[in-house]
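One structure is given here, and the rest of the page talks about it.
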Amino acid sequence: MTKGRATANEGVLECPEFDLQMTIDSGQTFHWTAQQGGYSGCIGDTPVFLRQTGNVLYYRGIDPVLLKSYFSFDHDLEAIRESCRRHPISYSAALACRGLRIMRQPHWECIATFILSPMKQVSHIRQMSLALRTSYGSEIAINTPRPFPNPAVIANSTEPELRRCGLGFRAKNLLATAKLVATGEFNPEKLATMNTMNARMELCSLPGIGRKVANCILLFAYERLDVVPVDVWIARILGSFRSRKSGLLQLEQYGEKLLGPYAGYVQQFLFHTARTGKLELPGTSPRSNSTRASLPRVAKLRTIKNRKGLAVSA
DNA sequence: TACCAGGTGAACT
DNA sequence: AGTTCACATGGT
């Protein structure tokens with residue numbers, strides 16, 4: 001109905017090389033709900049509605065400057081694509097992911113939701129996020145989405161109550177981390193000024209955060225675009241590129257070298273194409289929509305808490 | 001039913 | 001230092 005034309009209270013933004021749906025569905029954010037041909041959610045504490053038609057983004061409720069920053073409109077996607085041209089599989093993944101941008105998410109909500117991520121599918125992380133926002137998020141206005149709850153609000157809750165949001169064993173970690181942040185003992189803003197290795201160590205000091213989750217947070221909230229989070233998908237993909245099987249840390253280092261200066265971005269292209277069944281790997285067939293991945297299995301994976309001197313990317 | 005999901009941390013050899 | 005296991009929940 002309103003497709004291709006702005007309604008009364010909508011702002012309009014040219015957005016070349018941007019795919020709203022792919023960006024939101026790529027497993028980096030879990031707080032947006034598909035609605036009326038667009039998405040509703042919050043940017044910070046501001047309720048926002050977004051929809052896209054072609055190269056035009058229609059937005060409601062938000063300063064376009066913040067919007068552009070949130071979705072990283074300043075990232076040079078062409079340069080990022082070119083950075084992995086020498087590696088054909090990555091390059092074709094990059095071409096398949098035109099318009100996928102790595103966002104600048106608010107620090108706390110990114111930390112909190114990736115604490116919820118271990119051993120959960122993307123759709124389940126969305127469910128947990130929604131349950132938390134519904135139960136604990138403040139009501140900004142009637143009939144608008146609630147923002148992700150502040151650390152203090154979570155900190156004032158209890159583990160049994162958090163478990164009612166379906167968090168399982170993650171409830172304890174979220175609660176403990178929320179308390180550390182609420183008291184000021186841990187300051188997420190401080191990490192922005194630190195180098196990647198030190199920021200990673202700080203994150204790994206939090207309960208429930210190991211190397212993989214820390215890397216996700218560094219990539220999706222702190223703009224460390226060279227960092228490669230190695231989850232089961234990326235481990236399979238990177239593992240299939242080499243004959244020797246290796247541990248998580250080895251795969252991460254291998255990935256950072258192979259995928260170039262924007263390795264984290266390229267990792268996201270590989271992750272998303274694999275998860276949507278579009279990635280073709282040597283010796284495997286792309287999965288169909290209805291079946292599980294046919295990607296090769298990887299030996300049981302162990303995680304490593306970061307230690308001093310273990311500089312993977314300085 | 002059994003298996004898997006954007007893993008982590010503690011207790012084992 | 002390397003291995004093994006428990007940990008909740010929801011979906012196929």
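Please note that chains go A, B, ... in the order of the structure tokens, that every chain numbers its residues from 1, and that ligands are numbered from 1 in the order shown.
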
Output the contact residues of chain A with respect to chain B at a cut-off of 7 Å, based on only C-alpha atoms (C1' of nucleotides), as a count of residues only.
-> 8

Interface residues on chain C facing chain A, 7 Å, only C-alpha atoms (C1' of nucleotides), written as an NGL selection string = :C and (7-9)

Based on DSSP run over this structure's backbone, return all residues of stretch 93-222 of chain A in alpha helix (DSSP H), as a count of residues only.
-> 71

Could you name the residues that touch stretch 232-234 of chain A at 8 Å or less, counting only C-alpha atoms (C1' of nucleotides), but leaving out those on the same chain fewer than 2 positions away, as a PyMOL selection string?
-> (chain A and resi 229-230+236-239+267+270-271+274-275) or (chain B and resi 6)

File of the preceding selection, C-alpha atoms (C1' of nucleotides), as a short mmCIF file (atom, residue, chain, number, x, y, z; two decimals), in the first residue's frame:
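The resulting result_25.cif:
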data_model
loop_
_atom_site.label_atom_id
_atom_site.label_comp_id
_atom_site.auth_asym_id
_atom_site.auth_seq_id
_atom_site.Cartn_x
_atom_site.Cartn_y
_atom_site.Cartn_z
CA PRO A 229 34.36 -15.48 15.89
CA VAL A 230 34.66 -19.23 15.37
CA ARG A 236 33.16 -26.36 9.64
CA ILE A 237 33.75 -23.90 6.84
CA LEU A 238 37.34 -23.02 7.75
CA GLY A 239 38.00 -26.65 8.58
CA GLN A 267 33.35 -14.37 8.17
CA LEU A 270 30.40 -17.05 4.98
CA PHE A 271 28.25 -17.56 8.08
CA ALA A 274 26.14 -21.19 4.94
CA ARG A 275 23.19 -20.78 7.25
"C1'" DG B 6 26.75 -18.34 16.63
#

Suppose you want the space between atom CA of A:Leu258 and atom CA of A:Leu77; what is it in Å?
->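 Calculated distance between atom CA of A:Leu258 and atom CA of A:Leu77 is 18.2 Å.
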